[in-house]
file structure34.cif (mmCIF, N, CA and C atoms)
data_input
#
loop_
_atom_site.label_atom_id
_atom_site.label_comp_id
_atom_site.auth_asym_id
_atom_site.auth_seq_id
_atom_site.Cartn_x
_atom_site.Cartn_y
_atom_site.Cartn_z
N MET A 13 141.44 64.11 115.87
CA MET A 13 142.62 64.81 115.42
C MET A 13 143.00 64.29 114.03
N THR A 14 143.40 65.19 113.19
CA THR A 14 143.83 64.80 111.84
C THR A 14 145.25 64.28 111.88
N ALA A 15 145.61 63.50 110.88
CA ALA A 15 146.98 62.99 110.78
C ALA A 15 147.96 64.16 110.67
N PHE A 16 147.57 65.18 109.91
CA PHE A 16 148.44 66.36 109.74
C PHE A 16 148.78 66.97 111.09
N ALA A 17 147.78 67.17 111.93
CA ALA A 17 148.01 67.74 113.27
C ALA A 17 148.85 66.80 114.12
N GLY A 18 148.62 65.51 113.99
CA GLY A 18 149.40 64.53 114.74
C GLY A 18 150.88 64.56 114.38
N TYR A 19 151.16 64.70 113.10
CA TYR A 19 152.56 64.75 112.67
C TYR A 19 153.27 65.96 113.29
N TRP A 20 152.59 67.11 113.26
CA TRP A 20 153.22 68.31 113.80
C TRP A 20 153.29 68.27 115.32
N MET A 21 152.35 67.59 115.95
CA MET A 21 152.38 67.45 117.40
C MET A 21 153.58 66.59 117.83
N VAL A 22 153.80 65.48 117.13
CA VAL A 22 154.94 64.63 117.50
C VAL A 22 156.26 65.32 117.15
N PHE A 23 156.27 66.10 116.08
CA PHE A 23 157.46 66.88 115.72
C PHE A 23 157.81 67.86 116.84
N ALA A 24 156.80 68.64 117.27
CA ALA A 24 157.03 69.65 118.31
C ALA A 24 157.44 69.01 119.63
N SER A 25 156.79 67.93 119.99
CA SER A 25 157.12 67.24 121.23
C SER A 25 158.54 66.69 121.18
N ALA A 26 158.91 66.11 120.05
CA ALA A 26 160.26 65.55 119.89
C ALA A 26 161.31 66.65 119.89
N PHE A 27 160.99 67.79 119.26
CA PHE A 27 161.92 68.91 119.24
C PHE A 27 162.20 69.39 120.67
N LEU A 28 161.14 69.63 121.43
CA LEU A 28 161.31 70.10 122.80
C LEU A 28 162.00 69.05 123.67
N SER A 29 161.71 67.78 123.43
CA SER A 29 162.34 66.71 124.20
C SER A 29 163.83 66.63 123.97
N ALA A 30 164.30 67.06 122.82
CA ALA A 30 165.72 66.98 122.50
C ALA A 30 166.51 68.18 122.99
N THR A 31 165.82 69.24 123.37
CA THR A 31 166.52 70.39 123.94
C THR A 31 166.71 70.11 125.42
N LEU A 32 167.23 71.06 126.14
CA LEU A 32 167.43 70.86 127.57
C LEU A 32 166.13 70.98 128.36
N LEU A 33 165.01 71.19 127.65
CA LEU A 33 163.70 71.25 128.29
C LEU A 33 163.13 69.83 128.41
N PRO A 34 162.33 69.58 129.43
CA PRO A 34 161.74 68.25 129.55
C PRO A 34 160.62 68.03 128.54
N GLY A 35 160.45 66.81 128.13
CA GLY A 35 159.39 66.47 127.19
C GLY A 35 159.17 64.96 127.20
N SER A 36 158.15 64.53 126.49
CA SER A 36 157.85 63.09 126.47
C SER A 36 157.38 62.71 125.07
N SER A 37 158.26 62.79 124.12
CA SER A 37 157.88 62.49 122.75
C SER A 37 157.47 61.04 122.56
N GLU A 38 158.01 60.15 123.37
CA GLU A 38 157.64 58.73 123.26
C GLU A 38 156.16 58.55 123.61
N ALA A 39 155.70 59.27 124.63
CA ALA A 39 154.29 59.18 125.02
C ALA A 39 153.39 59.73 123.92
N VAL A 40 153.79 60.84 123.32
CA VAL A 40 153.00 61.41 122.23
C VAL A 40 152.96 60.45 121.06
N LEU A 41 154.11 59.88 120.71
CA LEU A 41 154.17 58.94 119.59
C LEU A 41 153.29 57.72 119.84
N THR A 42 153.40 57.12 121.01
CA THR A 42 152.59 55.93 121.28
C THR A 42 151.10 56.28 121.38
N GLY A 43 150.80 57.47 121.87
CA GLY A 43 149.40 57.90 121.90
C GLY A 43 148.82 58.03 120.50
N LEU A 44 149.59 58.59 119.60
CA LEU A 44 149.14 58.72 118.21
C LEU A 44 149.00 57.35 117.56
N LEU A 45 149.94 56.46 117.85
CA LEU A 45 149.85 55.10 117.30
C LEU A 45 148.60 54.40 117.83
N ALA A 46 148.35 54.54 119.12
CA ALA A 46 147.19 53.89 119.74
C ALA A 46 145.87 54.42 119.19
N SER A 47 145.84 55.71 118.87
CA SER A 47 144.60 56.30 118.35
C SER A 47 144.46 56.10 116.84
N GLY A 48 145.48 55.53 116.22
CA GLY A 48 145.43 55.32 114.77
C GLY A 48 145.59 56.59 113.97
N THR A 49 146.20 57.59 114.58
CA THR A 49 146.39 58.88 113.91
C THR A 49 147.71 58.88 113.16
N GLY A 50 147.65 58.93 111.85
CA GLY A 50 148.86 59.01 111.04
C GLY A 50 149.45 57.66 110.69
N GLN A 51 150.33 57.69 109.72
CA GLN A 51 151.03 56.48 109.30
C GLN A 51 152.29 56.32 110.15
N PRO A 52 152.57 55.13 110.64
CA PRO A 52 153.73 54.92 111.50
C PRO A 52 155.05 55.42 110.90
N THR A 53 155.25 55.20 109.61
CA THR A 53 156.50 55.64 108.98
C THR A 53 156.63 57.16 109.02
N LEU A 54 155.54 57.86 108.75
CA LEU A 54 155.58 59.32 108.79
C LEU A 54 155.71 59.84 110.23
N LEU A 55 155.11 59.14 111.17
CA LEU A 55 155.27 59.53 112.57
C LEU A 55 156.73 59.40 113.00
N VAL A 56 157.39 58.33 112.58
CA VAL A 56 158.82 58.16 112.88
C VAL A 56 159.62 59.28 112.22
N ALA A 57 159.29 59.60 110.98
CA ALA A 57 160.02 60.66 110.27
C ALA A 57 159.86 62.00 110.96
N PHE A 58 158.63 62.37 111.31
CA PHE A 58 158.40 63.66 111.96
C PHE A 58 159.03 63.71 113.35
N ALA A 59 158.90 62.63 114.11
CA ALA A 59 159.50 62.58 115.44
C ALA A 59 161.02 62.68 115.34
N SER A 60 161.60 61.96 114.39
CA SER A 60 163.05 61.96 114.22
C SER A 60 163.55 63.34 113.80
N LEU A 61 162.87 63.95 112.84
CA LEU A 61 163.29 65.28 112.39
C LEU A 61 163.19 66.31 113.50
N GLY A 62 162.12 66.24 114.29
CA GLY A 62 161.99 67.16 115.41
C GLY A 62 163.07 66.95 116.44
N ASN A 63 163.36 65.70 116.75
CA ASN A 63 164.36 65.38 117.76
C ASN A 63 165.77 65.75 117.29
N ILE A 64 166.04 65.54 116.03
CA ILE A 64 167.34 65.94 115.46
C ILE A 64 167.45 67.46 115.48
N GLY A 65 166.37 68.15 115.14
CA GLY A 65 166.36 69.61 115.18
C GLY A 65 166.66 70.15 116.57
N GLY A 66 166.06 69.54 117.58
CA GLY A 66 166.35 69.96 118.96
C GLY A 66 167.80 69.71 119.34
N ALA A 67 168.35 68.59 118.88
CA ALA A 67 169.76 68.29 119.14
C ALA A 67 170.66 69.32 118.46
N LEU A 68 170.25 69.79 117.28
CA LEU A 68 171.02 70.82 116.59
C LEU A 68 171.03 72.13 117.37
N VAL A 69 169.92 72.44 118.03
CA VAL A 69 169.89 73.63 118.89
C VAL A 69 170.93 73.49 120.00
N ASN A 70 170.97 72.31 120.63
CA ASN A 70 171.95 72.08 121.70
C ASN A 70 173.37 72.19 121.17
N TRP A 71 173.63 71.60 120.01
CA TRP A 71 174.96 71.65 119.39
C TRP A 71 175.36 73.10 119.13
N GLY A 72 174.42 73.87 118.58
CA GLY A 72 174.69 75.28 118.31
C GLY A 72 174.97 76.06 119.58
N MET A 73 174.20 75.79 120.62
CA MET A 73 174.45 76.46 121.90
C MET A 73 175.82 76.08 122.43
N GLY A 74 176.17 74.82 122.30
CA GLY A 74 177.47 74.36 122.77
C GLY A 74 178.63 75.04 122.07
N ARG A 75 178.44 75.35 120.80
CA ARG A 75 179.51 76.01 120.04
C ARG A 75 179.87 77.38 120.63
N TYR A 76 178.91 78.03 121.27
CA TYR A 76 179.12 79.40 121.73
C TYR A 76 178.98 79.59 123.24
N ILE A 77 178.58 78.57 123.95
CA ILE A 77 178.25 78.74 125.37
C ILE A 77 179.45 79.13 126.22
N LEU A 78 180.62 78.65 125.88
CA LEU A 78 181.78 78.95 126.71
C LEU A 78 182.24 80.40 126.60
N HIS A 79 181.70 81.12 125.65
CA HIS A 79 181.99 82.55 125.56
C HIS A 79 181.47 83.29 126.80
N PHE A 80 180.54 82.67 127.50
CA PHE A 80 179.90 83.30 128.65
C PHE A 80 180.36 82.71 129.98
N LYS A 81 181.38 81.85 129.97
CA LYS A 81 181.77 81.14 131.19
C LYS A 81 182.27 82.05 132.31
N ASP A 82 182.68 83.26 132.00
CA ASP A 82 183.17 84.18 133.03
C ASP A 82 182.06 85.03 133.65
N ARG A 83 180.85 84.84 133.19
CA ARG A 83 179.72 85.61 133.72
C ARG A 83 179.23 84.99 135.03
N SER A 84 178.73 85.80 135.91
CA SER A 84 178.29 85.31 137.22
C SER A 84 177.09 84.38 137.12
N TRP A 85 176.27 84.54 136.10
CA TRP A 85 175.05 83.73 135.95
C TRP A 85 175.30 82.40 135.24
N PHE A 86 176.51 82.18 134.74
CA PHE A 86 176.80 80.98 133.95
C PHE A 86 176.58 79.73 134.81
N PRO A 87 175.74 78.80 134.35
CA PRO A 87 175.33 77.68 135.21
C PRO A 87 176.31 76.49 135.27
N ILE A 88 177.30 76.46 134.39
CA ILE A 88 178.19 75.28 134.33
C ILE A 88 179.50 75.61 135.02
N LYS A 89 179.83 74.83 136.03
CA LYS A 89 181.09 75.02 136.75
C LYS A 89 182.25 74.50 135.90
N ASP A 90 183.40 75.10 136.08
CA ASP A 90 184.58 74.67 135.31
C ASP A 90 184.86 73.18 135.48
N SER A 91 184.73 72.68 136.71
CA SER A 91 185.01 71.27 136.96
C SER A 91 184.05 70.37 136.18
N MET A 92 182.79 70.76 136.11
CA MET A 92 181.81 69.99 135.36
C MET A 92 182.13 70.02 133.86
N ASN A 93 182.50 71.17 133.37
CA ASN A 93 182.87 71.33 131.96
C ASN A 93 184.08 70.47 131.63
N ILE A 94 185.09 70.50 132.48
CA ILE A 94 186.30 69.70 132.25
C ILE A 94 185.98 68.22 132.24
N ARG A 95 185.15 67.76 133.20
CA ARG A 95 184.76 66.35 133.24
C ARG A 95 183.99 65.95 131.99
N ALA A 96 183.06 66.80 131.56
CA ALA A 96 182.25 66.48 130.37
C ALA A 96 183.13 66.41 129.12
N GLN A 97 184.04 67.35 128.98
CA GLN A 97 184.91 67.33 127.81
C GLN A 97 185.84 66.13 127.83
N ALA A 98 186.34 65.76 129.02
CA ALA A 98 187.21 64.58 129.13
C ALA A 98 186.43 63.31 128.77
N TRP A 99 185.19 63.24 129.24
CA TRP A 99 184.36 62.07 128.93
C TRP A 99 184.14 61.98 127.43
N PHE A 100 183.80 63.10 126.80
CA PHE A 100 183.54 63.09 125.36
C PHE A 100 184.81 62.77 124.59
N ALA A 101 185.94 63.31 125.04
CA ALA A 101 187.22 63.02 124.37
C ALA A 101 187.54 61.53 124.47
N ARG A 102 187.16 60.91 125.58
CA ARG A 102 187.44 59.48 125.77
C ARG A 102 186.58 58.60 124.85
N TYR A 103 185.28 58.90 124.77
CA TYR A 103 184.37 58.04 124.01
C TYR A 103 184.13 58.54 122.59
N GLY A 104 184.37 59.80 122.36
CA GLY A 104 184.34 60.35 121.01
C GLY A 104 182.97 60.42 120.38
N ILE A 105 183.02 60.58 119.08
CA ILE A 105 181.81 60.82 118.29
C ILE A 105 180.83 59.65 118.37
N TRP A 106 181.33 58.46 118.63
CA TRP A 106 180.46 57.28 118.71
C TRP A 106 179.45 57.42 119.84
N SER A 107 179.79 58.20 120.85
CA SER A 107 178.85 58.38 121.95
C SER A 107 177.59 59.10 121.51
N LEU A 108 177.64 59.81 120.39
CA LEU A 108 176.45 60.51 119.89
C LEU A 108 175.35 59.54 119.45
N LEU A 109 175.71 58.28 119.23
CA LEU A 109 174.68 57.28 118.95
C LEU A 109 173.73 57.12 120.14
N LEU A 110 174.18 57.57 121.30
CA LEU A 110 173.37 57.50 122.52
C LEU A 110 172.69 58.83 122.84
N SER A 111 172.63 59.72 121.88
CA SER A 111 172.04 61.04 122.13
C SER A 111 170.54 60.96 122.43
N TRP A 112 169.92 59.85 122.19
CA TRP A 112 168.50 59.66 122.46
C TRP A 112 168.23 59.27 123.91
N VAL A 113 169.27 58.87 124.65
CA VAL A 113 169.08 58.37 126.01
C VAL A 113 168.62 59.50 126.93
N PRO A 114 167.56 59.25 127.69
CA PRO A 114 167.08 60.29 128.62
C PRO A 114 168.18 60.71 129.61
N VAL A 115 168.16 61.93 130.01
CA VAL A 115 169.04 62.57 130.98
C VAL A 115 170.43 62.87 130.41
N VAL A 116 171.10 61.90 129.79
CA VAL A 116 172.46 62.13 129.30
C VAL A 116 172.52 62.60 127.85
N GLY A 117 171.50 62.30 127.07
CA GLY A 117 171.53 62.60 125.64
C GLY A 117 171.58 64.09 125.32
N ASP A 118 170.79 64.88 126.01
CA ASP A 118 170.75 66.32 125.73
C ASP A 118 172.07 67.00 126.07
N PRO A 119 172.63 66.77 127.27
CA PRO A 119 173.93 67.36 127.56
C PRO A 119 175.03 66.84 126.62
N LEU A 120 174.88 65.61 126.16
CA LEU A 120 175.86 65.04 125.23
C LEU A 120 175.90 65.83 123.92
N THR A 121 174.73 66.22 123.43
CA THR A 121 174.71 67.00 122.19
C THR A 121 175.24 68.41 122.42
N LEU A 122 175.04 68.95 123.61
CA LEU A 122 175.59 70.26 123.95
C LEU A 122 177.12 70.20 124.00
N ILE A 123 177.65 69.19 124.66
CA ILE A 123 179.11 69.08 124.78
C ILE A 123 179.74 68.77 123.42
N ALA A 124 179.01 68.12 122.53
CA ALA A 124 179.52 67.91 121.17
C ALA A 124 179.74 69.24 120.47
N GLY A 125 178.88 70.21 120.74
CA GLY A 125 179.07 71.55 120.20
C GLY A 125 180.28 72.22 120.82
N VAL A 126 180.43 72.08 122.14
CA VAL A 126 181.59 72.64 122.83
C VAL A 126 182.88 72.06 122.25
N MET A 127 182.86 70.77 121.96
CA MET A 127 184.04 70.06 121.44
C MET A 127 184.22 70.26 119.93
N ARG A 128 183.35 71.05 119.33
CA ARG A 128 183.46 71.41 117.90
C ARG A 128 183.39 70.19 116.97
N VAL A 129 182.48 69.27 117.31
CA VAL A 129 182.25 68.14 116.41
C VAL A 129 181.72 68.72 115.09
N PRO A 130 182.29 68.33 113.96
CA PRO A 130 181.83 68.87 112.68
C PRO A 130 180.34 68.60 112.45
N PHE A 131 179.66 69.56 111.85
CA PHE A 131 178.22 69.52 111.64
C PHE A 131 177.76 68.21 110.98
N GLY A 132 178.38 67.84 109.87
CA GLY A 132 177.96 66.64 109.13
C GLY A 132 178.06 65.37 109.95
N ARG A 133 179.15 65.21 110.65
CA ARG A 133 179.32 64.02 111.50
C ARG A 133 178.31 64.03 112.64
N PHE A 134 178.12 65.20 113.22
CA PHE A 134 177.15 65.33 114.31
C PHE A 134 175.78 64.87 113.84
N VAL A 135 175.32 65.41 112.74
CA VAL A 135 173.99 65.08 112.23
C VAL A 135 173.89 63.58 111.92
N LEU A 136 174.91 63.02 111.29
CA LEU A 136 174.89 61.61 110.93
C LEU A 136 174.73 60.71 112.17
N PHE A 137 175.58 60.89 113.16
CA PHE A 137 175.54 60.01 114.33
C PHE A 137 174.28 60.23 115.18
N VAL A 138 173.89 61.48 115.33
CA VAL A 138 172.67 61.77 116.09
C VAL A 138 171.45 61.20 115.37
N ALA A 139 171.40 61.37 114.06
CA ALA A 139 170.25 60.87 113.27
C ALA A 139 170.13 59.36 113.37
N ILE A 140 171.24 58.67 113.28
CA ILE A 140 171.19 57.20 113.38
C ILE A 140 170.56 56.79 114.71
N GLY A 141 171.05 57.35 115.79
CA GLY A 141 170.52 56.98 117.11
C GLY A 141 169.06 57.33 117.29
N LYS A 142 168.68 58.51 116.87
CA LYS A 142 167.32 58.97 117.10
C LYS A 142 166.30 58.28 116.19
N VAL A 143 166.63 58.07 114.93
CA VAL A 143 165.72 57.36 114.03
C VAL A 143 165.53 55.92 114.51
N LEU A 144 166.62 55.26 114.90
CA LEU A 144 166.50 53.89 115.39
C LEU A 144 165.62 53.81 116.64
N ARG A 145 165.75 54.79 117.53
CA ARG A 145 164.94 54.79 118.75
C ARG A 145 163.45 54.86 118.41
N TYR A 146 163.06 55.82 117.56
CA TYR A 146 161.64 55.95 117.23
C TYR A 146 161.14 54.76 116.41
N ALA A 147 161.97 54.24 115.53
CA ALA A 147 161.58 53.07 114.75
C ALA A 147 161.35 51.87 115.68
N LEU A 148 162.21 51.71 116.66
CA LEU A 148 162.04 50.60 117.60
C LEU A 148 160.79 50.77 118.46
N ILE A 149 160.47 52.00 118.81
CA ILE A 149 159.24 52.25 119.57
C ILE A 149 158.02 51.82 118.74
N VAL A 150 158.01 52.17 117.46
CA VAL A 150 156.89 51.80 116.59
C VAL A 150 156.82 50.28 116.42
N VAL A 151 157.96 49.65 116.19
CA VAL A 151 157.97 48.19 116.03
C VAL A 151 157.48 47.51 117.30
N ALA A 152 157.95 47.97 118.46
CA ALA A 152 157.51 47.38 119.72
C ALA A 152 156.02 47.61 119.94
N TRP A 153 155.54 48.80 119.64
CA TRP A 153 154.12 49.08 119.81
C TRP A 153 153.29 48.17 118.89
N GLN A 154 153.71 48.03 117.65
CA GLN A 154 152.97 47.18 116.72
C GLN A 154 152.97 45.73 117.19
N TYR A 155 154.08 45.27 117.74
CA TYR A 155 154.17 43.90 118.25
C TYR A 155 153.20 43.69 119.41
N TRP A 156 153.22 44.62 120.38
CA TRP A 156 152.37 44.46 121.55
C TRP A 156 150.89 44.77 121.22
N ALA A 157 150.64 45.58 120.23
CA ALA A 157 149.26 45.88 119.86
C ALA A 157 148.59 44.65 119.24
N LYS A 158 149.38 43.81 118.59
CA LYS A 158 148.84 42.59 117.97
C LYS A 158 148.70 41.46 118.97
N ALA A 159 149.44 41.54 120.07
CA ALA A 159 149.43 40.44 121.05
C ALA A 159 148.16 40.41 121.85
#
call {"tool": "encode", "arguments": {"input": "structure34.cif", "output": "structure tokens"}}
result
Amino acid sequence: MTAFAGYWMVFASAFLSATLLPGSSEAVLTGLLASGTGQPTLLVAFASLGNIGGALVNWGMGRYILHFKDRSWFPIKDSMNIRAQAWFARYGIWSLLLSWVPVVGDPLTLIAGVMRVPFGRFVLFVAIGKVLRYALIVVAWQYWAKA
């Protein structure tokens, strides 16, 4: 596999992993690192950009999702929505630093859209968390690869 293909593969995997769809961008990233495909810095950049892009999709969906809350097919119960908004109101924008955490991170970015977190702040806090996560994965892999 070429480095070019590897970069786009980790981007796509990270993008899908950040949406409400399941994915395993960490496995793709470590697989590329193990095979020596691509430069670690560029792999972090592509993975981070993909993951931030997926979070932006969730944020955008959150901005408009409540327009459909009265529809019979709407999957989010009012009680769940109220709890999520209360949780986000309690912990605020700082909680977006945890948007990379499996299971809770994706809904967190969705509820940030519901709560109308401004675009610039959203991107800043989400980017910090997601870039640090991928950078730490690369640093840990490099440490254990040398051991």
call {"tool": "resolve_selection", "arguments": {"input": "structure34.cif", "expression": "the PyMOL selection byres ((chain A and resi 142) around 7)", "output": "list in words"}}
result
Ala59, Ser60, Asn63, Ile64, Leu109, Ser111, Trp112, Phe137, Val138, Ala139, Ile140, Gly141, Val143, Leu144, Arg145, Tyr146 and Ala147 of chain A
call {"tool": "resolve_selection", "arguments": {"input": "structure34.cif", "expression": "the PyMOL selection byres (((chain A and resi 38-43 and name CA) around 12) and name CA)", "output": "compact mmCIF listing (two decimals) with N, CA and C atoms, keeping the file's coordinate frame"}}
result
# COMPACT_ATOMS: atom_id res chain seq x y z
N MET A 13 141.44 64.11 115.87
CA MET A 13 142.62 64.81 115.42
C MET A 13 143.00 64.29 114.03
N GLY A 18 148.62 65.51 113.99
CA GLY A 18 149.40 64.53 114.74
C GLY A 18 150.88 64.56 114.38
N TYR A 19 151.16 64.70 113.10
CA TYR A 19 152.56 64.75 112.67
C TYR A 19 153.27 65.96 113.29
N TRP A 20 152.59 67.11 113.26
CA TRP A 20 153.22 68.31 113.80
C TRP A 20 153.29 68.27 115.32
N MET A 21 152.35 67.59 115.95
CA MET A 21 152.38 67.45 117.40
C MET A 21 153.58 66.59 117.83
N VAL A 22 153.80 65.48 117.13
CA VAL A 22 154.94 64.63 117.50
C VAL A 22 156.26 65.32 117.15
N PHE A 23 156.27 66.10 116.08
CA PHE A 23 157.46 66.88 115.72
C PHE A 23 157.81 67.86 116.84
N ALA A 24 156.80 68.64 117.27
CA ALA A 24 157.03 69.65 118.31
C ALA A 24 157.44 69.01 119.63
N SER A 25 156.79 67.93 119.99
CA SER A 25 157.12 67.24 121.23
C SER A 25 158.54 66.69 121.18
N ALA A 26 158.91 66.11 120.05
CA ALA A 26 160.26 65.55 119.89
C ALA A 26 161.31 66.65 119.89
N PHE A 27 160.99 67.79 119.26
CA PHE A 27 161.92 68.91 119.24
C PHE A 27 162.20 69.39 120.67
N LEU A 28 161.14 69.63 121.43
CA LEU A 28 161.31 70.10 122.80
C LEU A 28 162.00 69.05 123.67
N SER A 29 161.71 67.78 123.43
CA SER A 29 162.34 66.71 124.20
C SER A 29 163.83 66.63 123.97
N ALA A 30 164.30 67.06 122.82
CA ALA A 30 165.72 66.98 122.50
C ALA A 30 166.51 68.18 122.99
N GLY A 35 160.45 66.81 128.13
CA GLY A 35 159.39 66.47 127.19
C GLY A 35 159.17 64.96 127.20
N SER A 36 158.15 64.53 126.49
CA SER A 36 157.85 63.09 126.47
C SER A 36 157.38 62.71 125.07
N SER A 37 158.26 62.79 124.12
CA SER A 37 157.88 62.49 122.75
C SER A 37 157.47 61.04 122.56
N LEU A 44 149.59 58.59 119.60
CA LEU A 44 149.14 58.72 118.21
C LEU A 44 149.00 57.35 117.56
N LEU A 45 149.94 56.46 117.85
CA LEU A 45 149.85 55.10 117.30
C LEU A 45 148.60 54.40 117.83
N ALA A 46 148.35 54.54 119.12
CA ALA A 46 147.19 53.89 119.74
C ALA A 46 145.87 54.42 119.19
N SER A 47 145.84 55.71 118.87
CA SER A 47 144.60 56.30 118.35
C SER A 47 144.46 56.10 116.84
N GLY A 48 145.48 55.53 116.22
CA GLY A 48 145.43 55.32 114.77
C GLY A 48 145.59 56.59 113.97
N THR A 49 146.20 57.59 114.58
CA THR A 49 146.39 58.88 113.91
C THR A 49 147.71 58.88 113.16
N GLY A 50 147.65 58.93 111.85
CA GLY A 50 148.86 59.01 111.04
C GLY A 50 149.45 57.66 110.69
N GLN A 51 150.33 57.69 109.72
CA GLN A 51 151.03 56.48 109.30
C GLN A 51 152.29 56.32 110.15
N PRO A 52 152.57 55.13 110.64
CA PRO A 52 153.73 54.92 111.50
C PRO A 52 155.05 55.42 110.90
N THR A 53 155.25 55.20 109.61
CA THR A 53 156.50 55.64 108.98
C THR A 53 156.63 57.16 109.02
N LEU A 54 155.54 57.86 108.75
CA LEU A 54 155.58 59.32 108.79
C LEU A 54 155.71 59.84 110.23
N LEU A 55 155.11 59.14 111.17
CA LEU A 55 155.27 59.53 112.57
C LEU A 55 156.73 59.40 113.00
N VAL A 56 157.39 58.33 112.58
CA VAL A 56 158.82 58.16 112.88
C VAL A 56 159.62 59.28 112.22
N ALA A 57 159.29 59.60 110.98
CA ALA A 57 160.02 60.66 110.27
C ALA A 57 159.86 62.00 110.96
N PHE A 58 158.63 62.37 111.31
CA PHE A 58 158.40 63.66 111.96
C PHE A 58 159.03 63.71 113.35
N ALA A 59 158.90 62.63 114.11
CA ALA A 59 159.50 62.58 115.44
C ALA A 59 161.02 62.68 115.34
N SER A 60 161.60 61.96 114.39
CA SER A 60 163.05 61.96 114.22
C SER A 60 163.55 63.34 113.80
N ASN A 63 163.36 65.70 116.75
CA ASN A 63 164.36 65.38 117.76
C ASN A 63 165.77 65.75 117.29
N TRP A 112 169.92 59.85 122.19
CA TRP A 112 168.50 59.66 122.46
C TRP A 112 168.23 59.27 123.91
N VAL A 113 169.27 58.87 124.65
CA VAL A 113 169.08 58.37 126.01
C VAL A 113 168.62 59.50 126.93
N PRO A 114 167.56 59.25 127.69
CA PRO A 114 167.08 60.29 128.62
C PRO A 114 168.18 60.71 129.61
N LYS A 142 168.68 58.51 116.87
CA LYS A 142 167.32 58.97 117.10
C LYS A 142 166.30 58.28 116.19
N ARG A 145 165.75 54.79 117.53
CA ARG A 145 164.94 54.79 118.75
C ARG A 145 163.45 54.86 118.41
N TYR A 146 163.06 55.82 117.56
CA TYR A 146 161.64 55.95 117.23
C TYR A 146 161.14 54.76 116.41
N ALA A 147 161.97 54.24 115.53
CA ALA A 147 161.58 53.07 114.75
C ALA A 147 161.35 51.87 115.68
N LEU A 148 162.21 51.71 116.66
CA LEU A 148 162.04 50.60 117.60
C LEU A 148 160.79 50.77 118.46
N ILE A 149 160.47 52.00 118.81
CA ILE A 149 159.24 52.25 119.57
C ILE A 149 158.02 51.82 118.74
N VAL A 150 158.01 52.17 117.46
CA VAL A 150 156.89 51.80 116.59
C VAL A 150 156.82 50.28 116.42
N VAL A 151 157.96 49.65 116.19
CA VAL A 151 157.97 48.19 116.03
C VAL A 151 157.48 47.51 117.30
N ALA A 152 157.95 47.97 118.46
CA ALA A 152 157.51 47.38 119.72
C ALA A 152 156.02 47.61 119.94
N TRP A 153 155.54 48.80 119.64
CA TRP A 153 154.12 49.08 119.81
C TRP A 153 153.29 48.17 118.89
N GLN A 154 153.71 48.03 117.65
CA GLN A 154 152.97 47.18 116.72
C GLN A 154 152.97 45.73 117.19
N TRP A 156 153.22 44.62 120.38
CA TRP A 156 152.37 44.46 121.55
C TRP A 156 150.89 44.77 121.22
N ALA A 157 150.64 45.58 120.23
CA ALA A 157 149.26 45.88 119.86
C ALA A 157 148.59 44.65 119.24
call {"tool": "closest_atom_pairs", "arguments": {"input": "structure34.cif", "of": "stretch 117-141 of chain A", "to": "stretch 91-102 of chain A", "cutoff": "9 Å", "atoms": "only C-alpha atoms", "output": "CSV"}}
result
residue,atom,partner,partner_atom,distance
A:Pro119,CA,A:Ala96,CA,8.8
A:Leu120,CA,A:Phe100,CA,7.9
A:Ile123,CA,A:Gln97,CA,6.8
A:Ala124,CA,A:Phe100,CA,7.5
A:Val126,CA,A:Gln97,CA,8.0
A:Met127,CA,A:Gln97,CA,7.0
call {"tool": "atom_distance", "arguments": {"input": "structure34.cif", "atom1": "atom CA of A:Gly62", "atom2": "atom CA of A:Asp118"}}
result
13.6 Å
call {"tool": "residues_around", "arguments": {"input": "structure34.cif", "residues": "A:Trp71", "least_positions_apart": "5", "cutoff": "7 Å", "atoms": "only C-alpha atoms", "output": "compact mmCIF listing (two decimals) with N, CA and C atoms, keeping the file's coordinate frame"}}
result
# COMPACT_ATOMS: atom_id res chain seq x y z
N THR A 121 174.73 66.22 123.43
CA THR A 121 174.71 67.00 122.19
C THR A 121 175.24 68.41 122.42
N LEU A 122 175.04 68.95 123.61
CA LEU A 122 175.59 70.26 123.95
C LEU A 122 177.12 70.20 124.00
N ALA A 124 179.01 68.12 122.53
CA ALA A 124 179.52 67.91 121.17
C ALA A 124 179.74 69.24 120.47
N GLY A 125 178.88 70.21 120.74
CA GLY A 125 179.07 71.55 120.20
C GLY A 125 180.28 72.22 120.82
call {"tool": "closest_residue", "arguments": {"input": "structure34.cif", "among": "A:Asp90, A:Leu136, A:Leu33, A:Pro130", "to": "A:Leu108", "atoms": "only C-alpha atoms"}}
result
A:Leu136
call {"tool": "select_by_dssp", "arguments": {"input": "structure34.cif", "residues": "stretch 15-145 of chain A", "states": "helix (DSSP H, G or I)", "output": "ChimeraX atom specification"}}
result
/A:15-30,37-47,52-80,90-110,117-126,131-145
call {"tool": "atom_distance", "arguments": {"input": "structure34.cif", "atom1": "atom CA of A:Arg83", "atom2": "atom C of A:Asn70"}}
result
19.4 Å
call {"tool": "axis_aligned_box", "arguments": {"input": "structure34.cif", "around": "stretch 134-153 of chain A", "padding_each_side": "5 Å", "output": "JSON"}}
result
{"center_x": 165.7, "center_y": 56.4, "center_z": 115.4, "size_x": 34.8, "size_y": 28.0, "size_z": 19.0}
